[in-house]
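structure19.txt (compact mmCIF, C-alpha atoms and all ligand atoms)
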# COMPACT_ATOMS: atom_id res chain seq x y z
CA PHE A 13 38.81 2.74 2.43
CA TYR A 14 40.27 -0.57 3.48
CA SER A 15 39.24 -4.18 3.62
CA ASP A 16 39.74 -6.76 6.34
CA ASP A 17 42.80 -8.57 5.17
CA GLY A 18 43.17 -7.74 1.50
CA GLU A 19 42.29 -11.25 0.43
CA SER A 20 38.71 -12.00 1.31
CA LEU A 21 37.09 -8.60 1.29
CA SER A 22 34.22 -8.94 3.70
CA ARG A 23 33.74 -5.33 4.69
CA LEU A 24 34.62 -1.91 3.44
CA VAL A 25 35.18 1.28 5.43
CA VAL A 26 34.93 4.58 3.58
CA SER A 27 35.44 8.09 4.94
CA THR A 28 35.18 11.65 3.70
CA ARG A 29 37.88 14.28 4.08
CA LEU A 30 35.60 15.99 6.61
CA GLY A 31 35.61 13.10 9.03
CA SER A 32 32.41 11.20 8.39
CA SER A 33 32.71 7.47 7.74
CA ALA A 34 30.67 4.41 6.95
CA GLU A 35 31.27 0.68 7.03
CA VAL A 36 29.48 -1.92 4.93
CA TYR A 37 29.69 -5.71 5.03
CA LEU A 38 29.36 -7.47 1.70
CA TYR A 39 27.17 -9.91 3.63
CA GLY A 40 23.70 -8.51 3.09
CA ALA A 41 25.34 -5.25 1.89
CA THR A 42 24.71 -4.35 5.53
CA VAL A 43 25.87 -0.88 6.53
CA THR A 44 27.14 -1.44 10.07
CA SER A 45 28.52 1.99 10.93
CA TRP A 46 27.79 5.60 10.04
CA LYS A 47 29.78 8.20 11.91
CA CYS A 48 29.14 11.89 11.49
CA GLY A 49 29.89 14.74 13.85
CA GLY A 50 32.33 12.36 15.50
CA LYS A 51 29.57 10.06 16.74
CA GLU A 52 28.31 6.62 15.73
CA ARG A 53 24.74 7.08 14.54
CA LEU A 54 23.80 3.44 13.95
CA PHE A 55 23.17 0.72 16.54
CA VAL A 56 24.73 -2.71 16.16
CA SER A 57 24.13 -5.14 19.00
CA LYS A 58 27.22 -6.27 20.89
CA GLN A 59 25.87 -9.79 20.31
CA ALA A 60 25.40 -9.29 16.55
CA LYS A 61 26.76 -12.05 14.33
CA LEU A 62 29.13 -10.56 11.73
CA ASP A 63 30.30 -13.89 10.31
CA GLY A 64 27.42 -14.47 7.91
CA SER A 65 25.76 -17.03 10.15
CA LYS A 66 22.65 -14.88 10.50
CA PRO A 67 21.45 -11.40 9.52
CA VAL A 68 23.34 -8.61 11.27
CA ARG A 69 21.43 -7.41 14.34
CA GLY A 70 21.82 -3.75 13.65
CA GLY A 71 23.05 -1.22 11.12
CA ILE A 72 20.91 -1.13 7.97
CA PRO A 73 19.90 -4.67 6.94
CA LEU A 74 18.17 -4.75 3.54
CA VAL A 75 14.72 -6.34 3.43
CA PHE A 76 13.87 -7.75 -0.04
CA PRO A 77 11.74 -9.23 -1.66
CA GLN A 78 9.52 -9.87 1.36
CA PHE A 79 8.97 -7.81 4.51
CA GLY A 80 8.18 -9.91 7.59
CA PRO A 81 7.24 -13.61 7.63
CA GLY A 82 5.85 -15.39 4.54
CA ASP A 83 6.83 -17.82 1.76
CA LEU A 84 10.48 -16.83 2.14
CA PRO A 85 12.53 -16.66 5.34
CA GLN A 86 11.65 -13.59 7.43
CA HIS A 87 12.51 -10.36 5.59
CA GLY A 88 13.62 -12.19 2.44
CA PHE A 89 17.06 -13.21 1.18
CA ALA A 90 18.84 -9.89 0.35
CA ARG A 91 20.18 -9.44 3.89
CA THR A 92 21.75 -12.91 3.97
CA ARG A 93 23.32 -12.97 0.49
CA VAL A 94 26.89 -11.82 -0.18
CA TRP A 95 26.68 -8.83 -2.53
CA THR A 96 29.29 -7.90 -5.15
CA LEU A 97 31.30 -4.72 -4.67
CA LEU A 98 31.24 -2.83 -7.98
CA SER A 99 32.99 0.40 -7.01
CA ALA A 100 33.99 2.72 -4.18
CA GLU A 101 34.95 6.18 -5.36
CA GLU A 102 35.26 9.76 -4.21
CA HIS A 103 33.02 12.21 -6.04
CA GLY A 104 33.70 15.73 -4.76
CA GLU A 105 32.33 15.88 -1.21
CA SER A 106 30.88 12.36 -1.46
CA VAL A 107 32.22 8.87 -1.26
CA VAL A 108 30.02 6.55 -3.30
CA VAL A 109 29.94 2.75 -2.96
CA ASN A 110 28.05 0.58 -5.44
CA LEU A 111 27.09 -3.01 -4.70
CA GLN A 112 25.10 -5.49 -6.78
CA LEU A 113 22.90 -8.51 -6.13
CA LYS A 114 21.36 -10.73 -8.76
CA ASP A 115 19.19 -13.83 -8.65
CA ASN A 116 20.98 -17.13 -8.22
CA GLU A 117 19.99 -20.78 -8.36
CA ASP A 118 18.81 -20.69 -4.75
CA THR A 119 16.56 -17.68 -5.28
CA ARG A 120 15.33 -19.09 -8.59
CA ALA A 121 14.37 -22.27 -6.71
CA SER A 122 12.57 -20.28 -4.01
CA LYS A 123 8.95 -19.22 -3.77
CA TRP A 124 10.09 -15.91 -5.31
CA PRO A 125 11.89 -17.30 -8.40
CA TYR A 126 12.24 -14.20 -10.55
CA LYS A 127 15.33 -12.83 -12.31
CA PHE A 128 16.28 -9.50 -10.77
CA ASP A 129 19.21 -7.10 -10.58
CA LEU A 130 19.69 -4.81 -7.58
CA LEU A 131 22.16 -1.94 -7.65
CA TYR A 132 22.73 -0.56 -4.16
CA THR A 133 24.31 2.89 -3.97
CA ILE A 134 25.64 4.16 -0.65
CA ASP A 135 26.52 7.87 -0.79
CA LEU A 136 28.34 9.38 2.20
CA THR A 137 28.92 13.10 2.71
CA GLU A 138 29.99 15.07 5.78
CA THR A 139 26.45 15.21 7.17
CA THR A 140 24.40 12.68 5.18
CA LEU A 141 24.22 9.00 4.37
CA SER A 142 22.00 8.00 1.51
CA THR A 143 21.18 4.40 0.70
CA ILE A 144 19.27 3.82 -2.53
CA ILE A 145 18.52 0.58 -4.37
CA LYS A 146 17.76 0.46 -8.09
CA TYR A 147 15.53 -2.57 -8.53
CA GLU A 148 15.38 -4.05 -12.06
CA ASN A 149 13.12 -6.77 -13.43
CA VAL A 150 15.36 -8.78 -15.77
CA ASP A 151 12.81 -11.59 -16.04
CA SER A 152 10.35 -12.27 -18.85
CA GLN A 153 7.40 -11.89 -16.49
CA PRO A 154 6.26 -9.16 -14.11
CA PHE A 155 6.96 -9.48 -10.40
CA SER A 156 6.00 -7.74 -7.17
CA PHE A 157 7.86 -7.33 -3.89
CA THR A 158 8.02 -5.44 -0.63
CA SER A 159 11.29 -3.88 0.47
CA LEU A 160 12.63 -1.85 3.37
CA MET A 161 15.83 -0.51 4.87
CA HIS A 162 15.81 -1.84 8.42
CA THR A 163 17.67 1.08 9.98
CA TYR A 164 18.74 0.69 13.62
CA LEU A 165 19.50 4.20 14.92
CA ARG A 166 21.69 4.55 17.97
CA VAL A 167 20.28 6.89 20.65
CA PRO A 168 21.63 7.77 24.11
CA ASP A 169 18.34 6.79 25.76
CA ILE A 170 15.03 5.74 24.23
CA ALA A 171 13.32 7.56 27.13
CA SER A 172 14.49 10.93 25.75
CA THR A 173 13.96 10.10 22.09
CA THR A 174 11.08 11.38 19.96
CA VAL A 175 9.99 10.78 16.39
CA ALA A 176 8.34 13.66 14.53
CA GLY A 177 6.53 13.55 11.20
CA LEU A 178 3.98 10.80 11.86
CA LYS A 179 1.04 12.93 13.05
CA ASP A 180 -2.27 12.10 11.30
CA VAL A 181 -0.68 9.06 9.60
CA ALA A 182 -2.60 5.75 9.58
CA TYR A 183 -0.73 2.87 11.14
CA VAL A 184 -0.96 -0.84 11.89
CA ASP A 185 -0.08 -1.78 15.47
CA LYS A 186 1.52 -5.25 15.29
CA ILE A 187 1.71 -5.57 19.07
CA LYS A 188 -1.70 -4.40 20.26
CA GLY A 189 -3.49 -5.28 17.00
CA GLY A 190 -5.75 -2.85 15.21
CA THR A 191 -5.36 -1.62 11.68
CA ASP A 192 -7.45 1.57 11.25
CA LEU A 193 -5.47 3.59 13.76
CA VAL A 194 -4.25 7.15 13.21
CA GLU A 195 -1.27 8.73 14.99
CA GLU A 196 -2.35 11.77 16.97
CA ARG A 197 1.00 12.83 18.44
CA ASP A 198 3.29 15.47 16.95
CA GLU A 199 6.18 13.63 18.59
CA VAL A 200 5.95 9.87 18.99
CA THR A 201 7.69 8.39 22.02
CA VAL A 202 8.43 4.76 22.87
CA GLU A 203 7.86 3.39 26.38
CA ALA A 204 7.30 -0.29 25.60
CA ASN A 205 7.70 -2.93 22.89
CA GLU A 206 6.47 -1.14 19.76
CA ASP A 207 6.10 -2.59 16.29
CA ARG A 208 4.14 -0.30 13.99
CA VAL A 209 3.77 0.17 10.26
CA TYR A 210 2.92 3.79 9.40
CA VAL A 211 1.34 3.76 5.95
CA ASN A 212 1.85 6.41 3.25
CA VAL A 213 3.92 8.74 5.43
CA PRO A 214 3.89 12.14 3.70
CA GLY A 215 7.15 13.88 4.55
CA VAL A 216 10.36 13.98 6.55
CA VAL A 217 10.54 11.87 9.70
CA THR A 218 12.91 13.27 12.32
CA VAL A 219 14.36 11.28 15.22
CA ARG A 220 15.40 13.66 18.00
CA TYR A 221 17.57 12.84 21.00
CA GLY A 222 18.95 15.55 23.24
CA ASP A 223 20.01 18.44 21.03
CA GLU A 224 20.69 16.15 18.08
CA SER A 225 18.44 14.88 15.33
CA ILE A 226 18.53 12.54 12.38
CA ALA A 227 16.21 13.41 9.51
CA ILE A 228 14.95 10.54 7.37
CA ARG A 229 13.88 11.53 3.89
CA ARG A 230 12.46 8.82 1.64
CA PHE A 231 12.68 8.38 -2.10
CA ASN A 232 9.89 6.24 -3.59
CA PHE A 233 9.40 4.45 -0.27
CA LYS A 234 5.88 4.96 1.11
CA ASP A 235 5.94 3.64 4.64
CA ILE A 236 7.81 3.88 7.94
CA VAL A 237 8.19 0.98 10.38
CA LEU A 238 8.81 1.89 14.01
CA TRP A 239 10.24 -0.84 16.24
CA ASN A 240 11.79 -1.28 19.63
CA PRO A 241 11.82 -4.79 21.12
CA TRP A 242 11.89 -3.52 24.70
CA ALA A 243 12.93 -5.87 27.50
CA GLU A 244 10.62 -8.76 26.73
CA LYS A 245 11.50 -9.20 23.06
CA ALA A 246 15.19 -8.37 23.70
CA ALA A 247 15.33 -11.32 26.09
CA GLU A 248 14.07 -13.59 23.28
CA MET A 249 16.85 -12.60 20.85
CA ALA A 250 20.23 -14.33 21.33
CA ASP A 251 21.90 -11.65 19.19
CA PHE A 252 20.49 -8.72 21.12
CA GLY A 253 21.70 -7.91 24.64
CA ASN A 254 19.03 -7.71 27.31
CA ASP A 255 20.21 -4.23 28.31
CA GLU A 256 20.57 -2.78 24.82
CA PHE A 257 17.02 -1.74 23.93
CA PRO A 258 17.33 1.75 25.53
CA GLN A 259 20.17 2.60 23.11
CA MET A 260 18.29 2.01 19.88
CA ILE A 261 15.22 2.77 17.82
CA CYS A 262 14.36 1.28 14.46
CA VAL A 263 12.82 3.83 12.11
CA GLU A 264 12.67 2.00 8.82
CA ALA A 265 11.96 3.38 5.36
CA GLY A 266 10.27 1.00 2.99
CA THR A 267 7.22 0.01 0.99
CA VAL A 268 5.70 -2.81 3.04
CA ALA A 269 1.96 -2.08 3.31
CA SER A 270 1.62 -2.40 -0.47
CA GLU A 271 3.70 -4.08 -3.14
CA ILE A 272 6.05 -2.61 -5.73
CA SER A 273 5.41 -4.20 -9.14
CA LEU A 274 7.83 -4.18 -12.05
CA ARG A 275 7.20 -5.30 -15.61
CA PRO A 276 10.02 -7.04 -17.53
CA GLY A 277 12.79 -4.52 -18.14
CA GLN A 278 11.30 -1.97 -15.77
CA THR A 279 13.35 -0.39 -12.96
CA ILE A 280 12.54 1.69 -9.90
CA SER A 281 14.91 3.39 -7.46
CA CYS A 282 13.90 3.60 -3.81
CA GLY A 283 15.77 4.59 -0.70
CA GLN A 284 16.47 7.03 2.07
CA ILE A 285 18.65 10.00 2.85
CA LEU A 286 19.70 10.27 6.51
CA THR A 287 20.92 13.68 7.65
CA CYS A 288 22.68 14.59 10.86
CA GLU A 289 20.58 17.74 11.08
CA SER A 290 22.16 19.10 14.23
CA LEU A 291 25.47 18.89 12.40
CA ALA A 292 24.17 20.16 9.07
CA SER A 293 22.48 23.18 10.66
CA SER A 294 25.62 24.10 12.59
CA ASN A 295 27.40 24.35 9.26
CA LEU A 296 24.93 26.91 7.88
O1 LIG B 301 11.35 -4.02 12.61
C1 LIG B 301 10.16 -4.60 12.33
C2 LIG B 301 10.25 -6.12 12.37
O2 LIG B 301 9.48 -6.66 11.34
C3 LIG B 301 9.78 -6.61 13.74
O3 LIG B 301 8.54 -7.27 13.63
C4 LIG B 301 10.90 -7.55 14.19
O4 LIG B 301 10.63 -8.86 13.77
C5 LIG B 301 12.10 -6.94 13.49
O5 LIG B 301 11.61 -6.61 12.20
C6 LIG B 301 13.34 -7.80 13.49
O6 LIG B 301 13.18 -8.89 12.61
P1 LIG B 301 14.42 -9.94 12.53
O7 LIG B 301 13.98 -10.97 11.53
O8 LIG B 301 15.61 -9.16 12.07
O9 LIG B 301 14.62 -10.47 13.92

Kindly present the structure from the file in structure tokens form.
Amino acid sequence: FYSDDGESLSRLVVSTRLGSSAEVYLYGATVTSWKCGGKERLFVSKQAKLDGSKPVRGGIPLVFPQFGPGDLPQHGFARTRVWTLLSAEEHGESVVVNLQLKDNEDTRASKWPYKFDLLYTIDLTETTLSTIIKYENVDSQPFSFTSLMHTYLRVPDIASTTVAGLKDVAYVDKIKGGTDLVEERDEVTVEANEDRVYVNVPGVVTVRYGDESIAIRRFNFKDIVLWNPWAEKAAEMADFGNDEFPQMICVEAGTVASEISLRPGQTISCGQILTCESLASSNL
């Protein structure tokens, strides 16, 4: 792995002996690249700000302690804080990066003032990328939060992309409205601006494009958010090119339709394991 210029480490690139790689910015602990099978699997907008002036438009921004709008800035402060790099080591077939975020005077002065300790573990293998956060309540009082990994997957064309694993799942449609909706399709497709929260998703969610697929397995995260801004919302975002929406789909693992509560001293680990299935299966 290497840093930018040796002095001010702002990003880290790690790779496995079998050719997969990942890049993470300390800003927001934002994973901004995941290559496996020789291809970039994450989408980062060409207009994304990578200088810490605003959350990265792409990769895997971390949403904590608040999903969406509310008392805190949209999606909370974890994606705009500079995290601390604890370690980056090879463990057999994996490369494992650990980053940490704790409360600071700004967060303690915010509407979510609690003392917390987040340990973010990024584990890269030849065919998988797992991103898991251990959340710890180091306060003297209980607290609750919502959290999500805002994964932007890169796809060749949204028009030939499907999402399996959401059939019979209840969802909230944040564009058309409606809350007691149930997904009827085996394979969900996106033909317009979509912003949905699928609640209590039971199993693996698989994003398929062409003969490739990315499987998303969750660990202690209940929900899946599906988002594509389409042309109209893309035009409203300065850090998202107007012609970029066909090359991405956000399929986001999190717990956002209910809160995670921790008592003082309690921890919970939540996250996702992304698998390049087409690659993994070819290695069988
Ligand atoms: O991906 C779901 C969502 O909550 C959408 O509503 C949209 O706002 C998106 O996140 C991006 O949010 P951001 O604050 O990064 O522009």

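For the choices A:Ala41, A:Val219, A:Leu21, A:Val109, the atom-to-atom distance to A:Gly177 is smallest for A:Val219 when using all atoms listed in the file.
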
Neighbourhood of ligand LIG 301 (chain B) at 6 Å, counting only C-alpha atoms and all ligand atoms, reported as a VMD selection string = chain A and resid 80 86 207 239

Could you make a table, as JSON lines, of the residues of stretch 39-82 of chain A that have an atom within 12 Å of an atom of stretch 120-124 of chain A, each with its nearest atom pair and distance in Å to one decimal, counting all atoms listed in the file, in chain and number order?
{"residue": "A:Phe76", "atom": "CA", "partner": "A:Trp124", "partner_atom": "CA", "distance": 10.4}
{"residue": "A:Pro77", "atom": "CA", "partner": "A:Trp124", "partner_atom": "CA", "distance": 7.8}
{"residue": "A:Gln78", "atom": "CA", "partner": "A:Trp124", "partner_atom": "CA", "distance": 9.0}
{"residue": "A:Gly82", "atom": "CA", "partner": "A:Lys123", "partner_atom": "CA", "distance": 9.7}

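Distances from A:Leu178, A:Val237, A:Val194, A:Ala60 to A:Ala250 were compared using all atoms listed in the file, and the smallest one belongs to A:Ala60.
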
Calculate how many Å separate atom CA of A:Glu244 from atom CA of A:Asn205, rounding to one decimal.
->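 Between atom CA of A:Glu244 and atom CA of A:Asn205 the gap works out to 7.6 Å.
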
Just how far from atom CA of A:Ile228 is atom CA of A:Ser172, in Å to one decimal?
->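 We find that atom CA of A:Ser172 and atom CA of A:Ile228 lie 18.4 Å from each other.
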
Non-local contacts of A:Leu136 (9 Å; only C-alpha atoms; under 2 positions in same chain excluded) as a list of chain:residue names = A:Val26, A:Ser27, A:Thr28, A:Ser32, A:Ser33, A:Ala34, A:Trp46, A:Glu105, A:Ser106, A:Val107, A:Val108, A:Val109, A:Ile134, A:Glu138, A:Thr139, A:Thr140, A:Leu141, A:Ser142, A:Thr143

With distances taken over all atoms listed in the file, the candidate from A:Arg29, A:Arg208, A:Arg229, A:Lys66 nearest A:Cys48 is A:Arg29

Quick one: residues within 8 Å of A:Lys114, all atoms listed in the file counted, chain neighbours fewer than 4 positions away excluded, as number ranges by chain?
-> A: 127-130

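The interatomic distance for the pair atom CA of A:Tyr183 and atom CA of A:Arg166 works out to 23.5 Å.
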
Within 10 Å of A:Ile236 using only C-alpha atoms, minus same-chain residues under 3 positions, as an MDAnalysis selection string | chainID A and resid 160:162 178 183 208:213 217 228 230 233 239 262:269

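Every protein or nucleic acid residue with an atom no more than 9 Å from A:Gln59, counting only C-alpha atoms and leaving out same-chain residues fewer than 4 positions away, appears here: A:Arg69, A:Ala250, A:Asp251, A:Phe252, A:Gly253.
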
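Distances from A:Asp235, A:Asp169, A:Glu101, A:Asp83 to A:Val25 were compared using all atoms listed in the file, and the smallest one belongs to A:Glu101.
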
Pick out the closest residue to A:Thr174 from this set: A:Leu238, A:Leu30, A:Val43, A:Leu24. Count only C-alpha atoms.
->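 For A:Thr174, the nearest of the candidates is A:Leu238.
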
N, CA, C and O atoms for stretch 250-275 of chain A, written as a JSON list (two decimals), keeping the file's coordinate frame, could you do that?
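For reference, out-v4.json as written:
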[["chain", "number", "residue", "atom", "x", "y", "z"],
["A", 250, "ALA", "N", 18.87, -13.96, 20.89],
["A", 250, "ALA", "CA", 20.23, -14.33, 21.33],
["A", 250, "ALA", "C", 21.25, -13.29, 20.84],
["A", 250, "ALA", "O", 22.29, -13.08, 21.47],
["A", 251, "ASP", "N", 20.92, -12.61, 19.74],
["A", 251, "ASP", "CA", 21.90, -11.65, 19.19],
["A", 251, "ASP", "C", 21.51, -10.22, 19.54],
["A", 251, "ASP", "O", 21.80, -9.28, 18.79],
["A", 252, "PHE", "N", 20.85, -10.07, 20.68],
["A", 252, "PHE", "CA", 20.49, -8.72, 21.12],
["A", 252, "PHE", "C", 20.60, -8.73, 22.65],
["A", 252, "PHE", "O", 19.91, -9.50, 23.32],
["A", 253, "GLY", "N", 21.50, -7.90, 23.19],
["A", 253, "GLY", "CA", 21.70, -7.91, 24.64],
["A", 253, "GLY", "C", 20.47, -7.45, 25.39],
["A", 253, "GLY", "O", 19.75, -6.57, 24.92],
["A", 254, "ASN", "N", 20.25, -8.04, 26.55],
["A", 254, "ASN", "CA", 19.03, -7.71, 27.31],
["A", 254, "ASN", "C", 18.99, -6.25, 27.74],
["A", 254, "ASN", "O", 17.93, -5.70, 28.01],
["A", 255, "ASP", "N", 20.17, -5.63, 27.81],
["A", 255, "ASP", "CA", 20.21, -4.23, 28.31],
["A", 255, "ASP", "C", 20.41, -3.23, 27.18],
["A", 255, "ASP", "O", 20.73, -2.06, 27.42],
["A", 256, "GLU", "N", 20.24, -3.68, 25.95],
["A", 256, "GLU", "CA", 20.57, -2.78, 24.82],
["A", 256, "GLU", "C", 19.39, -1.99, 24.29],
["A", 256, "GLU", "O", 19.58, -0.98, 23.60],
["A", 257, "PHE", "N", 18.15, -2.40, 24.59],
["A", 257, "PHE", "CA", 17.02, -1.74, 23.93],
["A", 257, "PHE", "C", 16.92, -0.23, 24.19],
["A", 257, "PHE", "O", 16.44, 0.52, 23.35],
["A", 258, "PRO", "N", 17.42, 0.27, 25.36],
["A", 258, "PRO", "CA", 17.33, 1.75, 25.53],
["A", 258, "PRO", "C", 18.25, 2.54, 24.61],
["A", 258, "PRO", "O", 18.10, 3.76, 24.48],
["A", 259, "GLN", "N", 19.21, 1.85, 23.96],
["A", 259, "GLN", "CA", 20.17, 2.60, 23.11],
["A", 259, "GLN", "C", 19.82, 2.52, 21.63],
["A", 259, "GLN", "O", 20.69, 2.86, 20.79],
["A", 260, "MET", "N", 18.58, 2.11, 21.31],
["A", 260, "MET", "CA", 18.29, 2.01, 19.88],
["A", 260, "MET", "C", 16.84, 2.31, 19.58],
["A", 260, "MET", "O", 15.97, 2.23, 20.47],
["A", 261, "ILE", "N", 16.59, 2.70, 18.34],
["A", 261, "ILE", "CA", 15.22, 2.77, 17.82],
["A", 261, "ILE", "C", 15.29, 2.47, 16.33],
["A", 261, "ILE", "O", 16.18, 2.99, 15.64],
["A", 262, "CYS", "N", 14.41, 1.56, 15.90],
["A", 262, "CYS", "CA", 14.36, 1.28, 14.46],
["A", 262, "CYS", "C", 13.31, 2.18, 13.84],
["A", 262, "CYS", "O", 12.14, 2.15, 14.24],
["A", 263, "VAL", "N", 13.74, 3.01, 12.91],
["A", 263, "VAL", "CA", 12.82, 3.83, 12.11],
["A", 263, "VAL", "C", 13.17, 3.51, 10.66],
["A", 263, "VAL", "O", 14.24, 3.89, 10.19],
["A", 264, "GLU", "N", 12.30, 2.72, 10.03],
["A", 264, "GLU", "CA", 12.67, 2.00, 8.82],
["A", 264, "GLU", "C", 11.87, 2.47, 7.60],
["A", 264, "GLU", "O", 10.64, 2.45, 7.61],
["A", 265, "ALA", "N", 12.60, 2.91, 6.60],
["A", 265, "ALA", "CA", 11.96, 3.38, 5.36],
["A", 265, "ALA", "C", 11.74, 2.21, 4.43],
["A", 265, "ALA", "O", 12.66, 1.41, 4.19],
["A", 266, "GLY", "N", 10.53, 2.10, 3.92],
["A", 266, "GLY", "CA", 10.27, 1.00, 2.99],
["A", 266, "GLY", "C", 8.90, 1.13, 2.35],
["A", 266, "GLY", "O", 8.16, 2.06, 2.64],
["A", 267, "THR", "N", 8.59, 0.18, 1.48],
["A", 267, "THR", "CA", 7.22, 0.01, 0.99],
["A", 267, "THR", "C", 6.83, -1.41, 1.38],
["A", 267, "THR", "O", 7.35, -2.38, 0.81],
["A", 268, "VAL", "N", 6.02, -1.50, 2.45],
["A", 268, "VAL", "CA", 5.70, -2.81, 3.04],
["A", 268, "VAL", "C", 4.20, -3.03, 3.18],
["A", 268, "VAL", "O", 3.74, -4.16, 3.31],
["A", 269, "ALA", "N", 3.42, -1.95, 3.17],
["A", 269, "ALA", "CA", 1.96, -2.08, 3.31],
["A", 269, "ALA", "C", 1.30, -2.27, 1.95],
["A", 269, "ALA", "O", 0.10, -2.55, 1.87],
["A", 270, "SER", "N", 2.08, -2.12, 0.90],
["A", 270, "SER", "CA", 1.62, -2.40, -0.47],
["A", 270, "SER", "C", 2.83, -2.94, -1.21],
["A", 270, "SER", "O", 3.95, -2.88, -0.72],
["A", 271, "GLU", "N", 2.59, -3.48, -2.39],
["A", 271, "GLU", "CA", 3.70, -4.08, -3.14],
["A", 271, "GLU", "C", 4.19, -3.15, -4.24],
["A", 271, "GLU", "O", 3.44, -2.32, -4.76],
["A", 272, "ILE", "N", 5.47, -3.29, -4.56],
["A", 272, "ILE", "CA", 6.05, -2.61, -5.73],
["A", 272, "ILE", "C", 6.03, -3.62, -6.86],
["A", 272, "ILE", "O", 6.46, -4.78, -6.68],
["A", 273, "SER", "N", 5.48, -3.27, -7.99],
["A", 273, "SER", "CA", 5.41, -4.20, -9.14],
["A", 273, "SER", "C", 6.24, -3.66, -10.30],
["A", 273, "SER", "O", 6.20, -2.46, -10.59],
["A", 274, "LEU", "N", 7.00, -4.56, -10.89],
["A", 274, "LEU", "CA", 7.83, -4.18, -12.05],
["A", 274, "LEU", "C", 7.52, -5.10, -13.22],
["A", 274, "LEU", "O", 7.47, -6.32, -13.06],
["A", 275, "ARG", "N", 7.35, -4.50, -14.40],
["A", 275, "ARG", "CA", 7.20, -5.30, -15.61],
["A", 275, "ARG", "C", 8.59, -5.70, -16.09],
["A", 275, "ARG", "O", 9.60, -5.11, -15.67]]
